[in-house]
$ cat protein-v4.pdb   # PDB, C-alpha atoms
MODEL        1
ATOM      1  CA  MET A   1      65.401 111.559  78.712
ATOM      2  CA  ALA A   2      65.095 112.836  82.327
ATOM      3  CA  HIS A   3      68.053 112.714  84.697
ATOM      4  CA  ARG A   4      66.975 110.684  87.760
ATOM      5  CA  GLY A   5      69.989 110.989  90.081
ATOM      6  CA  PHE A   6      73.700 110.527  90.313
ATOM      7  CA  SER A   7      75.697 107.541  89.233
ATOM      8  CA  LEU A   8      77.875 105.647  91.678
ATOM      9  CA  VAL A   9      80.998 107.032  89.982
ATOM     10  CA  GLU A  10      79.781 110.630  90.428
ATOM     11  CA  LEU A  11      79.057 110.020  94.130
ATOM     12  CA  LEU A  12      82.496 108.453  94.651
ATOM     13  CA  VAL A  13      84.204 111.448  92.959
ATOM     14  CA  VAL A  14      82.326 113.889  95.232
ATOM     15  CA  LEU A  15      83.076 111.774  98.309
ATOM     16  CA  ALA A  16      86.785 111.654  97.389
ATOM     17  CA  ALA A  17      86.865 115.458  96.973
ATOM     18  CA  VAL A  18      85.219 115.958 100.380
ATOM     19  CA  LEU A  19      87.632 113.532 102.054
ATOM     20  CA  LEU A  20      90.647 115.258 100.478
ATOM     21  CA  THR A  21      89.401 118.650 101.685
ATOM     22  CA  VAL A  22      88.880 117.353 105.233
ATOM     23  CA  ALA A  23      92.300 115.659 105.235
ATOM     24  CA  ALA A  24      93.971 118.890 104.087
ATOM     25  CA  ALA A  25      92.186 120.938 106.786
ATOM     26  CA  ALA A  26      92.750 118.501 109.697
ATOM     27  CA  PRO A  27      96.247 119.714 110.714
ATOM     28  CA  HIS A  28      95.041 123.325 110.751
ATOM     29  CA  ILE A  29      92.015 122.405 112.845
ATOM     30  CA  LYS A  30      94.264 120.503 115.277
ATOM     31  CA  ALA A  31      96.662 123.470 115.583
ATOM     32  CA  TYR A  32      93.726 125.797 116.182
ATOM     33  CA  SER A  33      92.378 123.431 118.852
ATOM     34  CA  ASP A  34      95.767 123.372 120.614
ATOM     35  CA  ASP A  35      95.881 127.193 120.580
ATOM     36  CA  VAL A  36      92.356 127.350 121.996
ATOM     37  CA  HIS A  37      93.336 125.011 124.860
ATOM     38  CA  LEU A  38      96.398 127.122 125.695
ATOM     39  CA  LEU A  39      94.383 130.352 125.568
ATOM     40  CA  GLY A  40      91.681 128.743 127.705
ATOM     41  CA  ALA A  41      94.213 127.721 130.361
ATOM     42  CA  SER A  42      95.737 131.197 130.242
ATOM     43  CA  ASP A  43      92.286 132.771 130.655
ATOM     44  CA  GLU A  44      91.534 130.521 133.644
ATOM     45  CA  PHE A  45      94.746 131.762 135.210
ATOM     46  CA  LYS A  46      93.965 135.405 134.396
ATOM     47  CA  GLY A  47      90.696 134.998 136.257
ATOM     48  CA  ALA A  48      92.497 133.698 139.347
ATOM     49  CA  PHE A  49      94.965 136.595 139.178
ATOM     50  CA  ARG A  50      92.135 139.106 138.963
ATOM     51  CA  ARG A  51      90.193 137.487 141.831
ATOM     52  CA  ALA A  52      93.241 137.412 144.122
ATOM     53  CA  ARG A  53      94.175 141.005 143.276
ATOM     54  CA  SER A  54      90.602 142.166 143.856
ATOM     55  CA  MET A  55      90.437 140.319 147.195
ATOM     56  CA  ALA A  56      93.672 141.998 148.326
ATOM     57  CA  ILE A  57      92.431 145.472 147.397
ATOM     58  CA  ASN A  58      89.022 144.934 149.006
ATOM     59  CA  SER A  59      90.349 143.351 152.212
ATOM     60  CA  THR A  60      93.246 145.763 152.855
ATOM     61  CA  GLY A  61      95.497 142.736 153.367
ATOM     62  CA  ASN A  62      97.742 140.543 151.252
ATOM     63  CA  VAL A  63      96.237 137.705 149.244
ATOM     64  CA  ALA A  64      98.416 135.161 147.469
ATOM     65  CA  ILE A  65      98.238 132.465 144.840
ATOM     66  CA  VAL A  66     100.318 129.545 146.122
ATOM     67  CA  PHE A  67     101.650 127.030 143.593
ATOM     68  CA  ASP A  68     102.526 123.385 144.223
ATOM     69  CA  GLY A  69     103.685 120.626 141.882
ATOM     70  CA  GLU A  70     104.977 120.943 138.343
ATOM     71  CA  GLY A  71     104.177 119.937 134.793
ATOM     72  CA  ASP A  72     100.726 118.445 134.375
ATOM     73  CA  GLN A  73     100.415 118.131 138.178
ATOM     74  CA  ALA A  74     100.905 121.840 138.984
ATOM     75  CA  ARG A  75      98.098 123.274 141.113
ATOM     76  CA  PHE A  76      97.373 126.576 142.788
ATOM     77  CA  ALA A  77      95.207 127.778 145.653
ATOM     78  CA  ILE A  78      94.396 131.244 146.974
ATOM     79  CA  TYR A  79      95.192 132.190 150.587
ATOM     80  CA  ARG A  80      94.616 135.321 152.660
ATOM     81  CA  ASP A  81      97.275 136.711 155.022
ATOM     82  CA  GLY A  82      96.063 136.047 158.561
ATOM     83  CA  ASP A  83      98.758 137.771 160.614
ATOM     84  CA  ARG A  84      99.915 140.704 158.458
ATOM     85  CA  ASP A  85     103.352 139.252 157.663
ATOM     86  CA  GLY A  86     102.463 138.132 154.141
ATOM     87  CA  VAL A  87     101.232 134.732 153.014
ATOM     88  CA  ARG A  88     103.893 132.201 153.986
ATOM     89  CA  ARG A  89     104.038 128.421 153.744
ATOM     90  CA  ASP A  90     104.700 127.987 157.471
ATOM     91  CA  ASP A  91     101.633 130.136 158.250
ATOM     92  CA  ILE A  92      99.557 128.091 155.792
ATOM     93  CA  LEU A  93     100.630 124.837 157.470
ATOM     94  CA  ALA A  94      99.901 126.321 160.924
ATOM     95  CA  GLY A  95      96.451 127.458 159.779
ATOM     96  CA  VAL A  96      97.263 131.148 160.298
ATOM     97  CA  ASP A  97      96.848 132.100 156.625
ATOM     98  CA  PRO A  98      93.393 130.769 155.685
ATOM     99  CA  LEU A  99      92.497 129.076 152.410
ATOM    100  CA  VAL A 100      90.195 131.250 150.289
ATOM    101  CA  GLU A 101      89.907 129.078 147.158
ATOM    102  CA  PRO A 102      90.852 125.373 147.091
ATOM    103  CA  PRO A 103      93.637 123.965 144.908
ATOM    104  CA  VAL A 104      92.888 123.654 141.194
ATOM    105  CA  PRO A 105      95.085 122.605 138.259
ATOM    106  CA  VAL A 106      97.113 125.502 136.861
ATOM    107  CA  THR A 107      96.086 124.440 133.363
ATOM    108  CA  GLY A 108      92.398 124.374 134.270
ATOM    109  CA  PRO A 109      90.343 121.720 132.497
ATOM    110  CA  MET A 110      92.369 122.116 129.300
ATOM    111  CA  ALA A 111      93.961 118.968 127.855
ATOM    112  CA  GLY A 112      97.395 119.148 126.278
ATOM    113  CA  VAL A 113      98.635 122.108 128.348
ATOM    114  CA  SER A 114     101.373 121.795 130.954
ATOM    115  CA  VAL A 115     103.488 124.029 133.159
ATOM    116  CA  ALA A 116     106.829 123.978 131.363
ATOM    117  CA  ILE A 117     109.301 125.998 129.337
ATOM    118  CA  GLN A 118     109.837 125.058 125.709
ATOM    119  CA  PRO A 119     113.534 124.237 125.224
ATOM    120  CA  GLY A 120     115.368 126.844 123.175
ATOM    121  CA  LEU A 121     112.662 129.521 123.446
ATOM    122  CA  PRO A 122     114.234 133.016 123.370
ATOM    123  CA  ALA A 123     114.126 134.969 126.616
ATOM    124  CA  ILE A 124     111.591 137.759 127.039
ATOM    125  CA  PRO A 125     113.250 141.129 126.262
ATOM    126  CA  PRO A 126     115.164 142.885 127.755
ATOM    127  CA  GLU A 127     116.679 139.510 128.794
ATOM    128  CA  THR A 128     118.876 137.702 126.275
ATOM    129  CA  GLY A 129     119.600 134.059 125.556
ATOM    130  CA  THR A 130     117.008 131.329 126.017
ATOM    131  CA  LEU A 131     114.469 130.652 128.733
ATOM    132  CA  SER A 132     115.469 128.102 131.345
ATOM    133  CA  GLY A 133     114.893 127.192 134.964
ATOM    134  CA  ASP A 134     111.722 126.934 136.976
ATOM    135  CA  ALA A 135     108.494 127.318 134.969
ATOM    136  CA  ILE A 136     106.859 128.958 138.021
ATOM    137  CA  ARG A 137     108.951 131.514 139.892
ATOM    138  CA  PHE A 138     107.863 134.606 141.851
ATOM    139  CA  GLY A 139     110.746 136.184 143.715
ATOM    140  CA  ALA A 140     112.487 133.423 145.644
ATOM    141  CA  SER A 141     109.388 131.213 145.871
ATOM    142  CA  ASN A 142     106.303 129.881 144.114
ATOM    143  CA  ILE A 143     103.980 132.329 145.888
ATOM    144  CA  LEU A 144     102.462 135.212 143.948
ATOM    145  CA  SER A 145     101.361 137.845 146.486
ATOM    146  CA  PHE A 146      99.045 140.771 145.863
ATOM    147  CA  SER A 147      99.141 143.818 148.121
ATOM    148  CA  PRO A 148      96.175 146.031 149.072
ATOM    149  CA  LEU A 149      97.578 148.517 146.540
ATOM    150  CA  GLY A 150      97.028 145.969 143.759
ATOM    151  CA  THR A 151     100.704 145.344 143.071
ATOM    152  CA  ALA A 152     102.033 141.815 142.682
ATOM    153  CA  THR A 153     105.232 139.904 143.308
ATOM    154  CA  PRO A 154     107.222 140.100 140.064
ATOM    155  CA  GLY A 155     107.869 136.769 138.440
ATOM    156  CA  THR A 156     106.887 134.390 135.709
ATOM    157  CA  PHE A 157     104.950 131.265 134.985
ATOM    158  CA  TYR A 158     104.920 129.432 131.677
ATOM    159  CA  LEU A 159     102.199 127.282 130.175
ATOM    160  CA  LEU A 160     103.249 125.109 127.251
ATOM    161  CA  GLY A 161     100.755 123.920 124.655
ATOM    162  CA  ARG A 162     101.079 120.757 122.582
ATOM    163  CA  ASN A 163     102.008 122.810 119.537
ATOM    164  CA  GLY A 164     105.000 124.458 121.262
ATOM    165  CA  ARG A 165     103.321 127.780 121.996
ATOM    166  CA  GLN A 166     103.873 129.440 125.370
ATOM    167  CA  ALA A 167     101.729 131.661 127.559
ATOM    168  CA  ALA A 168     103.605 133.637 130.206
ATOM    169  CA  ARG A 169     102.960 136.058 133.053
ATOM    170  CA  HIS A 170     105.434 138.581 134.336
ATOM    171  CA  GLY A 171     105.654 142.032 135.917
ATOM    172  CA  HIS A 172     104.202 143.755 138.979
ATOM    173  CA  ALA A 173     100.585 144.171 137.850
ATOM    174  CA  GLY A 174      99.569 140.491 137.671
ATOM    175  CA  ARG A 175      99.183 140.648 133.905
ATOM    176  CA  VAL A 176      99.145 137.468 131.827
ATOM    177  CA  VAL A 177     101.038 137.966 128.594
ATOM    178  CA  GLY A 178     101.020 135.593 125.639
ATOM    179  CA  TYR A 179     104.398 134.511 124.358
ATOM    180  CA  GLY A 180     104.777 132.586 121.110
ATOM    181  CA  GLY A 181     106.789 129.477 120.379
ATOM    182  CA  GLU A 182     108.417 131.328 117.503
ATOM    183  CA  GLY A 183     109.862 133.847 119.989
ATOM    184  CA  GLY A 184     107.242 136.541 119.509
ATOM    185  CA  ALA A 185     104.357 137.766 121.608
ATOM    186  CA  ASN A 186     100.861 136.482 120.916
TER     187      ASN A 186
ENDMDL
END
$ encode --input "protein-v4.pdb" --output "structure tokens"
Amino acid sequence: MAHRGFSLVELLVVLAAVLLTVAAAAPHIKAYSDDVHLLGASDEFKGAFRRARSMAINSTGNVAIVFDGEGDQARFAIYRDGDRDGVRRDDILAGVDPLVEPPVPVTGPMAGVSVAIQPGLPAIPPETGTLSGDAIRFGASNILSFSPLGTATPGTFYLLGRNGRQAARHGHAGRVVGYGGEGGAN
């Protein structure tokens, strides 16, 4: 007798196995998606850092990334120093320091990423304790300046993903460094 197909019971068993496999994989796929969004936002930011640094080196004048807002509403724009005293908010308002790139969200087009510090996250060594305070801080302000030598205002910004992972930037070279929610670097 020739076998002509599968019985309904056999199809239901296969369908149940497929559904169980998909259900078991879903949380891992979601976590991976959250990581991809955080890395994407971090990469968008790295690009802005590199553009501003390159503009400063090529123009022999300061160029700055100026931040406004916080959380999901945080935005940044790039300005060029127009009077050789550094990019300053009063010069921006007076039109002395011209806008080079218009304001864009710090998180880029990535959903589920915000500018924030995860509560209880250990400080970045050599600091001790936990991170706290402003999620965007460069010196005494929210302006990250690049000099014609390529150096940058030291400071930090923190992007927080839905899964509790952080991405951070710090140091003089405008480097974006990954920082994990478990307290380790990514």
$ closest_residue --input "protein-v4.pdb" --among "A:Asp134, A:Asp35, A:Glu127, A:Glu10" --to "Ala111 of chain A" --atoms "all atoms listed in the file"
A:Asp35
$ atom_distance --input "protein-v4.pdb" --atom1 "atom CA of Ile92 of chain A" --atom2 "atom CA of Ile57 of chain A"
20.6 Å
$ closest_residue --input "protein-v4.pdb" --among "A:Arg50, A:Arg137, A:Arg165, A:Arg88" --to "Leu121 of chain A" --atoms "only C-alpha atoms"
A:Arg165
$ residues_near_point --input "protein-v4.pdb" --point "(92.9, 130.8, 158.7)" --cutoff "12 Å" --atoms "only C-alpha atoms" --output "PyMOL selection string"
chain A and resi 78-83+87+91-100
$ residues_around --input "protein-v4.pdb" --residues "Asn58 of chain A" --least-positions-apart "6" --cutoff "12 Å" --atoms "all atoms listed in the file" --output "ChimeraX atom specification"
/A:51-52,80,146-150
$ residues_around --input "protein-v4.pdb" --residues "Gln73 of chain A" --least-positions-apart "6" --cutoff "9 Å" --atoms "all atoms listed in the file" --output "list of chain:residue names"
A:Pro105, A:Val106, A:Ser114, A:Val115
$ resolve_selection --input "protein-v4.pdb" --expression "the PyMOL selection byres ((chain A and resi 108) around 10)" --output "PDB file with C-alpha atoms, keeping the file's coordinate frame"
ATOM      1  CA  HIS A  37      93.336 125.011 124.860  1.00  0.00           C
ATOM      2  CA  LEU A  38      96.398 127.122 125.695  1.00  0.00           C
ATOM      3  CA  GLY A  40      91.681 128.743 127.705  1.00  0.00           C
ATOM      4  CA  ALA A  41      94.213 127.721 130.361  1.00  0.00           C
ATOM      5  CA  SER A  42      95.737 131.197 130.242  1.00  0.00           C
ATOM      6  CA  ASP A  43      92.286 132.771 130.655  1.00  0.00           C
ATOM      7  CA  GLU A  44      91.534 130.521 133.644  1.00  0.00           C
ATOM      8  CA  PHE A  45      94.746 131.762 135.210  1.00  0.00           C
ATOM      9  CA  ARG A  75      98.098 123.274 141.113  1.00  0.00           C
ATOM     10  CA  VAL A 104      92.888 123.654 141.194  1.00  0.00           C
ATOM     11  CA  PRO A 105      95.085 122.605 138.259  1.00  0.00           C
ATOM     12  CA  VAL A 106      97.113 125.502 136.861  1.00  0.00           C
ATOM     13  CA  THR A 107      96.086 124.440 133.363  1.00  0.00           C
ATOM     14  CA  PRO A 109      90.343 121.720 132.497  1.00  0.00           C
ATOM     15  CA  MET A 110      92.369 122.116 129.300  1.00  0.00           C
ATOM     16  CA  ALA A 111      93.961 118.968 127.855  1.00  0.00           C
ATOM     17  CA  VAL A 113      98.635 122.108 128.348  1.00  0.00           C
ATOM     18  CA  SER A 114     101.373 121.795 130.954  1.00  0.00           C
TER      19      SER A 114
END
$ atom_distance --input "protein-v4.pdb" --atom1 "atom CA of Gln118 of chain A" --atom2 "atom CA of Arg162 of chain A"
10.2 Å
$ closest_residue --input "protein-v4.pdb" --among "A:Met55, A:Ala48, A:Gly139, A:Gly133" --to "Pro102 of chain A" --atoms "only C-alpha atoms"
A:Ala48
$ atom_distance --input "protein-v4.pdb" --atom1 "atom CA of Val63 of chain A" --atom2 "atom CA of Phe49 of chain A"
10.2 Å
$ residues_around --input "protein-v4.pdb" --residues "Ala123 of chain A" --least-positions-apart "5" --cutoff "9 Å" --atoms "only C-alpha atoms" --output "count of residues only"
6
$ residues_around --input "protein-v4.pdb" --residues "Phe76 of chain A" --least-positions-apart "5" --cutoff "6 Å" --atoms "all atoms listed in the file" --output "PDB file with C-alpha atoms, in the coordinates of the input"
ATOM      1  CA  VAL A  66     100.318 129.545 146.122  1.00  0.00           C
ATOM      2  CA  PHE A  67     101.650 127.030 143.593  1.00  0.00           C
ATOM      3  CA  PRO A 103      93.637 123.965 144.908  1.00  0.00           C
ATOM      4  CA  VAL A 104      92.888 123.654 141.194  1.00  0.00           C
TER       5      VAL A 104
END
$ closest_residue --input "protein-v4.pdb" --among "A:Ala74, A:Ile65, A:Asp34, A:Phe6" --to "Lys46 of chain A" --atoms "all atoms listed in the file"
A:Ile65
$ closest_residue --input "protein-v4.pdb" --among "A:Val36, A:Ala140, A:Ala116, A:Ala16" --to "Gly69 of chain A" --atoms "only C-alpha atoms"
A:Ala116
$ build_atoms --input "protein-v4.pdb" --residues "segment 62-73 of chain A" --atoms "all heavy atoms" --output "short mmCIF file (atom, residue, chain, number, x, y, z; two decimals), in the frame of the given file"
data_model
loop_
_atom_site.label_atom_id
_atom_site.label_comp_id
_atom_site.auth_asym_id
_atom_site.auth_seq_id
_atom_site.Cartn_x
_atom_site.Cartn_y
_atom_site.Cartn_z
N ASN A 62 97.15 141.32 152.35
CA ASN A 62 97.74 140.54 151.25
C ASN A 62 96.93 139.28 150.97
O ASN A 62 96.41 138.65 151.88
CB ASN A 62 99.18 140.14 151.59
CG ASN A 62 100.13 141.30 151.56
OD1 ASN A 62 99.90 142.28 150.85
ND2 ASN A 62 101.20 141.21 152.33
N VAL A 63 96.85 138.95 149.71
CA VAL A 63 96.24 137.71 149.24
C VAL A 63 97.24 137.10 148.28
O VAL A 63 97.88 137.83 147.51
CB VAL A 63 94.88 137.96 148.55
CG1 VAL A 63 94.33 136.70 147.93
CG2 VAL A 63 93.89 138.54 149.55
N ALA A 64 97.39 135.78 148.31
CA ALA A 64 98.42 135.16 147.47
C ALA A 64 97.88 133.93 146.76
O ALA A 64 97.00 133.23 147.26
CB ALA A 64 99.63 134.77 148.30
N ILE A 65 98.45 133.70 145.57
CA ILE A 65 98.24 132.46 144.84
C ILE A 65 99.46 131.61 145.14
O ILE A 65 100.59 132.01 144.88
CB ILE A 65 98.10 132.73 143.33
CG1 ILE A 65 96.87 133.61 143.06
CG2 ILE A 65 98.00 131.41 142.57
CD1 ILE A 65 96.72 134.03 141.61
N VAL A 66 99.23 130.43 145.72
CA VAL A 66 100.32 129.54 146.12
C VAL A 66 100.33 128.34 145.18
O VAL A 66 99.31 127.67 145.02
CB VAL A 66 100.14 129.09 147.59
CG1 VAL A 66 101.24 128.15 148.00
CG2 VAL A 66 100.09 130.32 148.51
N PHE A 67 101.49 128.10 144.57
CA PHE A 67 101.65 127.03 143.59
C PHE A 67 102.33 125.82 144.22
O PHE A 67 103.24 125.97 145.03
CB PHE A 67 102.52 127.51 142.43
CG PHE A 67 101.93 128.66 141.68
CD1 PHE A 67 102.18 129.97 142.07
CD2 PHE A 67 101.10 128.45 140.59
CE1 PHE A 67 101.65 131.04 141.39
CE2 PHE A 67 100.56 129.50 139.90
CZ PHE A 67 100.83 130.81 140.30
N ASP A 68 101.90 124.64 143.82
CA ASP A 68 102.53 123.38 144.22
C ASP A 68 102.56 122.45 143.03
O ASP A 68 101.67 122.50 142.18
CB ASP A 68 101.75 122.72 145.36
CG ASP A 68 101.93 123.45 146.67
OD1 ASP A 68 103.09 123.60 147.11
OD2 ASP A 68 100.92 123.89 147.25
N GLY A 69 103.57 121.58 142.97
CA GLY A 69 103.68 120.63 141.88
C GLY A 69 104.29 121.26 140.65
O GLY A 69 104.63 122.44 140.62
N GLU A 70 104.43 120.44 139.61
CA GLU A 70 104.98 120.94 138.34
C GLU A 70 104.42 120.14 137.19
O GLU A 70 103.77 119.12 137.39
CB GLU A 70 106.51 120.91 138.35
CG GLU A 70 107.10 119.57 138.68
CD GLU A 70 108.61 119.65 138.84
OE1 GLU A 70 109.10 120.48 139.61
OE2 GLU A 70 109.27 118.85 138.17
N GLY A 71 104.67 120.62 135.99
CA GLY A 71 104.18 119.94 134.79
C GLY A 71 102.67 119.84 134.78
O GLY A 71 101.97 120.78 135.11
N ASP A 72 102.17 118.66 134.43
CA ASP A 72 100.73 118.44 134.38
C ASP A 72 100.10 118.40 135.77
O ASP A 72 98.89 118.47 135.90
CB ASP A 72 100.41 117.13 133.65
CG ASP A 72 100.83 117.17 132.19
OD1 ASP A 72 100.99 118.28 131.66
OD2 ASP A 72 101.00 116.09 131.59
N GLN A 73 100.91 118.25 136.81
CA GLN A 73 100.42 118.13 138.18
C GLN A 73 100.40 119.45 138.94
O GLN A 73 100.02 119.49 140.10
CB GLN A 73 101.27 117.11 138.95
CG GLN A 73 101.34 115.75 138.30
CD GLN A 73 99.96 115.13 138.09
OE1 GLN A 73 99.13 115.15 138.99
NE2 GLN A 73 99.71 114.63 136.90
#
